[in-house]
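*Asks:* Just so it is clear, I am handing over protein.txt, which has compact mmCIF, N, CA and C atoms.
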```
# COMPACT_ATOMS: atom_id res chain seq x y z
N ALA L 1 -1.96 0.54 20.01
CA ALA L 1 -2.21 1.13 21.31
C ALA L 1 -3.68 1.55 21.46
N ALA L 2 -4.43 1.48 20.39
CA ALA L 2 -5.84 1.89 20.45
C ALA L 2 -6.68 0.79 21.08
N PRO L 3 -7.84 1.17 21.61
CA PRO L 3 -8.76 0.14 22.12
C PRO L 3 -9.15 -0.81 20.98
N ALA L 4 -9.47 -2.04 21.34
CA ALA L 4 -9.80 -3.06 20.34
C ALA L 4 -10.93 -2.63 19.42
N GLU L 5 -11.84 -1.80 19.92
CA GLU L 5 -12.98 -1.36 19.10
C GLU L 5 -12.52 -0.48 17.93
N THR L 6 -11.42 0.23 18.08
CA THR L 6 -10.99 1.17 17.04
C THR L 6 -10.61 0.46 15.74
N PRO L 7 -9.67 -0.51 15.77
CA PRO L 7 -9.38 -1.20 14.51
C PRO L 7 -10.56 -2.02 14.00
N ALA L 8 -11.34 -2.58 14.92
CA ALA L 8 -12.51 -3.36 14.50
C ALA L 8 -13.49 -2.48 13.74
N ALA L 9 -13.72 -1.27 14.22
CA ALA L 9 -14.63 -0.34 13.53
C ALA L 9 -14.07 0.07 12.18
N HIS L 10 -12.76 0.26 12.11
CA HIS L 10 -12.11 0.63 10.85
C HIS L 10 -12.31 -0.47 9.80
N VAL L 11 -12.06 -1.71 10.17
CA VAL L 11 -12.21 -2.83 9.24
C VAL L 11 -13.68 -3.02 8.89
N ARG L 12 -14.56 -2.92 9.87
CA ARG L 12 -16.00 -3.08 9.61
C ARG L 12 -16.49 -2.06 8.58
N ALA L 13 -16.01 -0.82 8.70
CA ALA L 13 -16.42 0.22 7.75
C ALA L 13 -15.97 -0.12 6.33
N GLN L 14 -14.80 -0.72 6.21
CA GLN L 14 -14.35 -1.12 4.87
C GLN L 14 -15.17 -2.28 4.33
N LEU L 15 -15.45 -3.26 5.18
CA LEU L 15 -16.23 -4.41 4.74
C LEU L 15 -17.65 -4.01 4.35
N ASP L 16 -18.19 -3.00 5.03
CA ASP L 16 -19.54 -2.53 4.75
C ASP L 16 -19.57 -1.44 3.68
N GLY L 17 -18.39 -1.03 3.20
CA GLY L 17 -18.30 0.09 2.27
C GLY L 17 -18.60 -0.28 0.83
N ASP L 18 -18.14 0.56 -0.06
CA ASP L 18 -18.45 0.42 -1.48
C ASP L 18 -17.42 -0.38 -2.26
N GLY L 19 -16.48 -1.01 -1.59
CA GLY L 19 -15.50 -1.84 -2.27
C GLY L 19 -14.26 -1.10 -2.74
N ARG L 20 -14.18 0.20 -2.47
CA ARG L 20 -12.99 0.96 -2.87
C ARG L 20 -11.76 0.57 -2.08
N SER L 21 -11.96 0.03 -0.89
CA SER L 21 -10.86 -0.40 -0.04
C SER L 21 -11.15 -1.79 0.49
N VAL L 22 -10.20 -2.69 0.32
CA VAL L 22 -10.38 -4.07 0.73
C VAL L 22 -9.36 -4.41 1.81
N PRO L 23 -9.83 -4.78 3.01
CA PRO L 23 -8.90 -5.18 4.06
C PRO L 23 -8.46 -6.62 3.86
N CYS L 24 -7.18 -6.89 4.12
CA CYS L 24 -6.63 -8.23 3.94
C CYS L 24 -5.72 -8.57 5.12
N LEU L 25 -5.69 -9.83 5.48
CA LEU L 25 -4.85 -10.30 6.57
C LEU L 25 -3.77 -11.19 5.98
N GLY L 26 -2.51 -10.89 6.29
CA GLY L 26 -1.39 -11.72 5.86
C GLY L 26 -1.12 -12.78 6.90
N VAL L 27 -1.00 -14.03 6.47
CA VAL L 27 -0.78 -15.15 7.38
C VAL L 27 0.47 -15.88 6.93
N LEU L 28 1.35 -16.17 7.88
CA LEU L 28 2.59 -16.89 7.60
C LEU L 28 2.64 -18.11 8.51
N ALA L 29 2.70 -19.29 7.91
CA ALA L 29 2.74 -20.54 8.68
C ALA L 29 1.60 -20.62 9.69
N GLY L 30 0.42 -20.16 9.27
CA GLY L 30 -0.77 -20.24 10.11
C GLY L 30 -0.91 -19.13 11.14
N THR L 31 0.04 -18.20 11.17
CA THR L 31 0.00 -17.11 12.15
C THR L 31 -0.25 -15.78 11.45
N PRO L 32 -1.29 -15.05 11.84
CA PRO L 32 -1.49 -13.71 11.28
C PRO L 32 -0.27 -12.84 11.58
N MET L 33 0.27 -12.19 10.54
CA MET L 33 1.48 -11.40 10.74
C MET L 33 1.47 -10.05 10.04
N SER L 34 0.42 -9.76 9.27
CA SER L 34 0.37 -8.46 8.60
C SER L 34 -1.08 -8.11 8.27
N TYR L 35 -1.30 -6.82 8.11
CA TYR L 35 -2.61 -6.29 7.73
C TYR L 35 -2.40 -5.40 6.53
N TRP L 36 -3.25 -5.55 5.53
CA TRP L 36 -3.13 -4.82 4.26
C TRP L 36 -4.45 -4.16 3.92
N GLU L 37 -4.36 -3.02 3.26
CA GLU L 37 -5.51 -2.41 2.63
C GLU L 37 -5.14 -2.17 1.17
N VAL L 38 -5.94 -2.72 0.29
CA VAL L 38 -5.78 -2.50 -1.15
C VAL L 38 -6.93 -1.58 -1.54
N TYR L 39 -6.62 -0.41 -2.06
CA TYR L 39 -7.66 0.59 -2.27
C TYR L 39 -7.47 1.34 -3.58
N ARG L 40 -8.56 1.91 -4.07
CA ARG L 40 -8.52 2.76 -5.27
C ARG L 40 -7.94 4.11 -4.88
N ALA L 41 -6.67 4.29 -5.12
CA ALA L 41 -5.98 5.53 -4.74
C ALA L 41 -6.52 6.72 -5.52
N ASP L 42 -6.94 6.49 -6.76
CA ASP L 42 -7.46 7.60 -7.57
C ASP L 42 -8.79 8.12 -7.05
N LEU L 43 -9.50 7.34 -6.23
CA LEU L 43 -10.78 7.75 -5.65
C LEU L 43 -10.64 8.11 -4.17
N ASP L 44 -9.45 8.05 -3.66
CA ASP L 44 -9.16 8.29 -2.25
C ASP L 44 -8.71 9.74 -2.06
N PRO L 45 -8.86 10.30 -0.86
CA PRO L 45 -8.37 11.66 -0.63
C PRO L 45 -6.88 11.86 -0.95
N VAL L 46 -6.08 10.79 -0.91
CA VAL L 46 -4.65 10.92 -1.22
C VAL L 46 -4.44 11.42 -2.66
N ALA L 47 -5.43 11.22 -3.53
CA ALA L 47 -5.31 11.64 -4.93
C ALA L 47 -5.16 13.17 -5.06
N ARG L 48 -5.55 13.90 -4.02
CA ARG L 48 -5.38 15.36 -4.05
C ARG L 48 -3.93 15.78 -3.92
N TYR L 49 -3.06 14.86 -3.52
CA TYR L 49 -1.68 15.21 -3.19
C TYR L 49 -0.65 14.73 -4.20
N TYR L 50 -1.09 14.04 -5.23
CA TYR L 50 -0.15 13.58 -6.27
C TYR L 50 -0.91 13.50 -7.58
N PRO L 51 -0.20 13.45 -8.71
CA PRO L 51 -0.90 13.36 -10.00
C PRO L 51 -1.47 11.96 -10.23
N ALA L 52 -2.62 11.72 -9.65
CA ALA L 52 -3.27 10.41 -9.74
C ALA L 52 -3.71 10.12 -11.17
N ARG L 53 -3.71 8.84 -11.49
CA ARG L 53 -4.20 8.36 -12.78
C ARG L 53 -5.38 7.43 -12.53
N PRO L 54 -6.29 7.33 -13.52
CA PRO L 54 -7.44 6.44 -13.35
C PRO L 54 -6.98 5.02 -12.99
N HIS L 55 -7.64 4.45 -12.01
CA HIS L 55 -7.42 3.08 -11.55
C HIS L 55 -6.11 2.86 -10.80
N ASP L 56 -5.42 3.94 -10.40
CA ASP L 56 -4.28 3.74 -9.50
C ASP L 56 -4.78 2.95 -8.30
N THR L 57 -4.01 1.97 -7.90
CA THR L 57 -4.37 1.15 -6.74
C THR L 57 -3.32 1.37 -5.67
N GLY L 58 -3.79 1.68 -4.47
CA GLY L 58 -2.88 1.96 -3.37
C GLY L 58 -2.79 0.81 -2.39
N LEU L 59 -1.68 0.80 -1.65
CA LEU L 59 -1.45 -0.19 -0.61
C LEU L 59 -1.15 0.51 0.70
N HIS L 60 -1.79 0.05 1.76
CA HIS L 60 -1.41 0.39 3.13
C HIS L 60 -1.08 -0.94 3.79
N LEU L 61 -0.09 -0.96 4.65
CA LEU L 61 0.25 -2.21 5.32
C LEU L 61 0.81 -1.97 6.70
N LEU L 62 0.61 -2.97 7.52
CA LEU L 62 1.21 -3.03 8.85
C LEU L 62 1.78 -4.43 8.99
N ILE L 63 3.05 -4.50 9.32
CA ILE L 63 3.64 -5.81 9.62
C ILE L 63 3.72 -5.88 11.12
N GLY L 64 3.18 -6.96 11.66
CA GLY L 64 2.95 -7.10 13.09
C GLY L 64 4.17 -7.14 13.97
N ALA L 65 4.35 -8.22 14.65
CA ALA L 65 5.35 -8.34 15.70
C ALA L 65 6.76 -8.08 15.18
N VAL L 66 7.59 -7.61 16.08
CA VAL L 66 8.99 -7.30 15.74
C VAL L 66 9.67 -8.51 15.11
N ALA L 67 9.32 -9.72 15.56
CA ALA L 67 9.92 -10.94 15.02
C ALA L 67 9.65 -11.11 13.53
N GLN L 68 8.61 -10.46 13.02
CA GLN L 68 8.27 -10.58 11.60
C GLN L 68 8.96 -9.51 10.75
N ARG L 69 9.70 -8.62 11.36
CA ARG L 69 10.32 -7.52 10.63
C ARG L 69 11.82 -7.75 10.46
N GLY L 70 12.39 -7.08 9.46
CA GLY L 70 13.83 -7.10 9.27
C GLY L 70 14.37 -8.38 8.69
N ARG L 71 13.51 -9.22 8.13
CA ARG L 71 13.96 -10.49 7.55
C ARG L 71 13.71 -10.55 6.05
N GLY L 72 13.33 -9.42 5.46
CA GLY L 72 13.04 -9.40 4.03
C GLY L 72 11.61 -9.77 3.70
N LEU L 73 10.80 -10.06 4.71
CA LEU L 73 9.41 -10.43 4.46
C LEU L 73 8.62 -9.28 3.86
N GLY L 74 8.86 -8.06 4.35
CA GLY L 74 8.14 -6.91 3.82
C GLY L 74 8.36 -6.74 2.33
N THR L 75 9.61 -6.85 1.91
CA THR L 75 9.93 -6.72 0.48
C THR L 75 9.24 -7.81 -0.32
N ALA L 76 9.33 -9.05 0.15
CA ALA L 76 8.71 -10.17 -0.57
C ALA L 76 7.19 -10.01 -0.63
N LEU L 77 6.59 -9.60 0.48
CA LEU L 77 5.14 -9.42 0.50
C LEU L 77 4.70 -8.26 -0.40
N LEU L 78 5.43 -7.16 -0.35
CA LEU L 78 5.09 -6.01 -1.21
C LEU L 78 5.16 -6.40 -2.68
N ARG L 79 6.19 -7.13 -3.06
CA ARG L 79 6.32 -7.57 -4.45
C ARG L 79 5.16 -8.49 -4.82
N ALA L 80 4.83 -9.44 -3.94
CA ALA L 80 3.76 -10.39 -4.23
C ALA L 80 2.40 -9.69 -4.32
N VAL L 81 2.12 -8.79 -3.40
CA VAL L 81 0.83 -8.10 -3.42
C VAL L 81 0.74 -7.18 -4.64
N ALA L 82 1.80 -6.45 -4.95
CA ALA L 82 1.78 -5.59 -6.14
C ALA L 82 1.60 -6.43 -7.40
N ASP L 83 2.30 -7.56 -7.50
CA ASP L 83 2.13 -8.45 -8.65
C ASP L 83 0.68 -8.93 -8.74
N HIS L 84 0.11 -9.30 -7.59
CA HIS L 84 -1.27 -9.78 -7.56
C HIS L 84 -2.24 -8.69 -8.05
N VAL L 85 -2.05 -7.47 -7.56
CA VAL L 85 -2.91 -6.36 -7.98
C VAL L 85 -2.81 -6.17 -9.50
N LEU L 86 -1.60 -6.12 -10.01
CA LEU L 86 -1.42 -5.87 -11.44
C LEU L 86 -1.91 -7.05 -12.29
N ASP L 87 -1.82 -8.28 -11.76
CA ASP L 87 -2.32 -9.45 -12.49
C ASP L 87 -3.85 -9.50 -12.51
N HIS L 88 -4.51 -8.96 -11.47
CA HIS L 88 -5.96 -9.12 -11.35
C HIS L 88 -6.76 -7.84 -11.56
N ARG L 89 -6.09 -6.74 -11.78
CA ARG L 89 -6.78 -5.48 -12.08
C ARG L 89 -6.22 -4.94 -13.40
N PRO L 90 -6.74 -5.41 -14.52
CA PRO L 90 -6.18 -5.03 -15.82
C PRO L 90 -6.23 -3.53 -16.11
N SER L 91 -7.15 -2.81 -15.51
CA SER L 91 -7.23 -1.37 -15.74
C SER L 91 -6.20 -0.59 -14.93
N CYS L 92 -5.58 -1.24 -13.97
CA CYS L 92 -4.59 -0.59 -13.11
C CYS L 92 -3.22 -0.61 -13.79
N ALA L 93 -2.67 0.56 -14.03
CA ALA L 93 -1.34 0.66 -14.66
C ALA L 93 -0.23 0.80 -13.63
N ARG L 94 -0.60 1.12 -12.37
CA ARG L 94 0.44 1.27 -11.36
C ARG L 94 -0.14 1.12 -9.96
N VAL L 95 0.72 0.66 -9.08
CA VAL L 95 0.39 0.51 -7.67
C VAL L 95 1.17 1.59 -6.93
N VAL L 96 0.51 2.27 -6.01
CA VAL L 96 1.13 3.38 -5.30
C VAL L 96 1.06 3.15 -3.79
N ALA L 97 1.95 3.81 -3.08
CA ALA L 97 1.95 3.78 -1.62
C ALA L 97 2.58 5.07 -1.13
N GLU L 98 2.30 5.39 0.13
CA GLU L 98 2.84 6.64 0.68
C GLU L 98 3.34 6.43 2.11
N PRO L 99 4.40 5.61 2.28
CA PRO L 99 4.93 5.42 3.62
C PRO L 99 5.54 6.71 4.17
N ASP L 100 5.59 6.80 5.48
CA ASP L 100 6.23 7.94 6.13
C ASP L 100 7.68 8.01 5.66
N LEU L 101 8.10 9.17 5.24
CA LEU L 101 9.45 9.37 4.70
C LEU L 101 10.52 8.99 5.72
N ARG L 102 10.23 9.14 7.01
CA ARG L 102 11.20 8.82 8.05
C ARG L 102 11.34 7.32 8.29
N ASN L 103 10.42 6.54 7.74
CA ASN L 103 10.45 5.09 7.95
C ASN L 103 11.35 4.46 6.88
N THR L 104 12.64 4.59 7.10
CA THR L 104 13.64 4.13 6.13
C THR L 104 13.48 2.64 5.80
N PRO L 105 13.27 1.76 6.78
CA PRO L 105 13.09 0.34 6.42
C PRO L 105 11.90 0.11 5.48
N SER L 106 10.82 0.84 5.70
CA SER L 106 9.65 0.69 4.83
C SER L 106 9.96 1.16 3.42
N VAL L 107 10.55 2.33 3.29
CA VAL L 107 10.90 2.84 1.97
C VAL L 107 11.85 1.88 1.27
N ALA L 108 12.83 1.34 2.00
CA ALA L 108 13.77 0.38 1.42
C ALA L 108 13.05 -0.89 0.95
N ALA L 109 12.05 -1.35 1.72
CA ALA L 109 11.29 -2.53 1.32
C ALA L 109 10.53 -2.27 0.02
N PHE L 110 9.93 -1.09 -0.10
CA PHE L 110 9.24 -0.74 -1.36
C PHE L 110 10.22 -0.72 -2.52
N LEU L 111 11.38 -0.11 -2.33
CA LEU L 111 12.39 -0.07 -3.40
C LEU L 111 12.81 -1.48 -3.79
N GLY L 112 13.03 -2.34 -2.81
CA GLY L 112 13.41 -3.72 -3.09
C GLY L 112 12.33 -4.51 -3.80
N ALA L 113 11.08 -4.08 -3.65
CA ALA L 113 9.95 -4.76 -4.28
C ALA L 113 9.63 -4.20 -5.67
N GLY L 114 10.50 -3.34 -6.18
CA GLY L 114 10.31 -2.82 -7.53
C GLY L 114 9.57 -1.52 -7.64
N PHE L 115 9.28 -0.88 -6.50
CA PHE L 115 8.67 0.45 -6.53
C PHE L 115 9.78 1.47 -6.75
N ARG L 116 9.41 2.62 -7.26
CA ARG L 116 10.37 3.72 -7.39
C ARG L 116 9.90 4.88 -6.53
N PHE L 117 10.87 5.63 -6.04
CA PHE L 117 10.56 6.84 -5.29
C PHE L 117 10.19 7.91 -6.30
N ALA L 118 8.97 8.45 -6.23
CA ALA L 118 8.50 9.41 -7.22
C ALA L 118 8.49 10.85 -6.70
N ALA L 119 8.24 11.03 -5.41
CA ALA L 119 8.14 12.40 -4.88
C ALA L 119 7.98 12.34 -3.36
N GLU L 120 8.19 13.49 -2.75
CA GLU L 120 7.83 13.67 -1.35
C GLU L 120 6.46 14.33 -1.33
N LEU L 121 5.59 13.85 -0.47
CA LEU L 121 4.24 14.40 -0.35
C LEU L 121 4.05 14.95 1.06
N GLU L 122 3.46 16.11 1.14
CA GLU L 122 3.09 16.68 2.43
C GLU L 122 1.62 16.35 2.67
N LEU L 123 1.38 15.28 3.41
CA LEU L 123 0.03 14.84 3.71
C LEU L 123 -0.40 15.44 5.05
N PRO L 124 -1.69 15.45 5.35
CA PRO L 124 -2.15 16.07 6.60
C PRO L 124 -1.50 15.47 7.86
N ASP L 125 -1.21 14.17 7.83
CA ASP L 125 -0.69 13.53 9.04
C ASP L 125 0.77 13.10 8.97
N LYS L 126 1.44 13.35 7.84
CA LYS L 126 2.84 12.93 7.71
C LYS L 126 3.46 13.50 6.44
N ARG L 127 4.78 13.48 6.42
CA ARG L 127 5.54 13.74 5.19
C ARG L 127 5.83 12.35 4.62
N ALA L 128 5.39 12.11 3.41
CA ALA L 128 5.41 10.76 2.86
C ALA L 128 6.30 10.65 1.63
N ALA L 129 6.73 9.44 1.39
CA ALA L 129 7.44 9.10 0.16
C ALA L 129 6.41 8.49 -0.79
N LEU L 130 6.20 9.11 -1.93
CA LEU L 130 5.30 8.53 -2.93
C LEU L 130 6.09 7.44 -3.65
N MET L 131 5.64 6.21 -3.48
CA MET L 131 6.29 5.05 -4.09
C MET L 131 5.35 4.51 -5.17
N ILE L 132 5.90 4.22 -6.34
CA ILE L 132 5.09 3.77 -7.48
C ILE L 132 5.71 2.53 -8.09
N ARG L 133 4.88 1.54 -8.35
CA ARG L 133 5.28 0.34 -9.08
C ARG L 133 4.50 0.34 -10.38
N ASP L 134 5.20 0.50 -11.50
CA ASP L 134 4.58 0.60 -12.82
C ASP L 134 4.38 -0.75 -13.46
N ARG L 135 3.20 -0.96 -14.05
CA ARG L 135 2.93 -2.20 -14.78
C ARG L 135 3.97 -2.40 -15.89
N SER L 136 4.35 -1.33 -16.55
CA SER L 136 5.26 -1.42 -17.68
C SER L 136 6.62 -2.01 -17.30
N LEU L 137 6.97 -1.98 -16.01
CA LEU L 137 8.26 -2.52 -15.58
C LEU L 137 8.17 -3.95 -15.04
N CYS L 138 6.99 -4.54 -15.04
CA CYS L 138 6.80 -5.87 -14.45
C CYS L 138 7.70 -6.92 -15.10
N ASP L 139 7.85 -6.86 -16.42
CA ASP L 139 8.67 -7.86 -17.11
C ASP L 139 10.15 -7.69 -16.80
N VAL L 140 10.56 -6.49 -16.43
CA VAL L 140 11.96 -6.22 -16.12
C VAL L 140 12.32 -6.69 -14.73
N LEU L 141 11.34 -6.63 -13.82
CA LEU L 141 11.60 -6.98 -12.43
C LEU L 141 11.69 -8.45 -12.31
```
Please express what this file holds, its structure, as structure tokens.
*Replies:*
Amino acid sequence: AAPAETPAAHVRAQLDGDGRSVPCLGVLAGTPMSYWEVYRADLDPVARYYPARPHDTGLHLLIGAVAQRGRGLGTALLRAVADHVLDHRPSCARVVAEPDLRNTPSVAAFLGAGFRFAAELELPDKRAALMIRDRSLCDVL
């Protein structure tokens, strides 16, 4: 609902930043359908709200049109992105996320992707579910 300049400025700031947050576009069959941010959670303000560990990597995501939701794509994408992070960031022992606790489909997608519910967090803009995917469980999943 924001003006086009708002998300553009947000992405531009990440691209021009120090590399702590990387914006990514998810494409399915040639159509953009999701937006991701892969970021150093241990260096992010969110680290003040949970027991962060060095090199924790966080995920933020938006899945676009309603047609792209409710088909299991979120779960599959979360699993693939978390696997990719853990495969390519050897210092990262876990991937974290903090979806809104009221967003039951999102929390369910994280659970289906091998994340565990670790805690409720009271963040400045929402009550969140701290979701964690541990490297040590990758072989089990």
*Asks:* Residues at most 6 Å from Tyr35 in chain L, counting all atoms listed in the file, excluding those fewer than 6 positions away in the same chain, as a list of chain:residue names?
*Replies:*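 The contact residues come out as L:Cys24, L:Leu25, L:Gly26, L:His60, L:Leu61, L:Leu62, L:Ile63, L:Gly64.
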*Asks:* Identify, with DSSP run on backbone atoms, the residues in chain L assigned to alpha helix (DSSP H), and express the list as an NGL selection string.
*Replies:* :L and (5-15 or 73-88 or 104-112)
*Asks:* Find the residue from L:Val38, L:Met33, L:Ala52, L:Ala97 that sits nearest to His84 in chain L; use only C-alpha atoms when measuring.
*Replies:*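 The answer is L:Val38, which sits nearest to His84 in chain L.
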*Asks:* How far is it from CA of Ser106 in chain L to CA of Asp16 in chain L, in Å with one decimal?
*Replies:* 29.4 Å
*Asks:* Please determine, counting only N, CA and C atoms, which residue among L:Ala82, L:Ala4, L:Leu15, L:Ala129 has the shortest atom-to-atom distance to Val95 in chain L.
*Replies:*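 The answer is L:Ala82, which sits nearest to Val95 in chain L.
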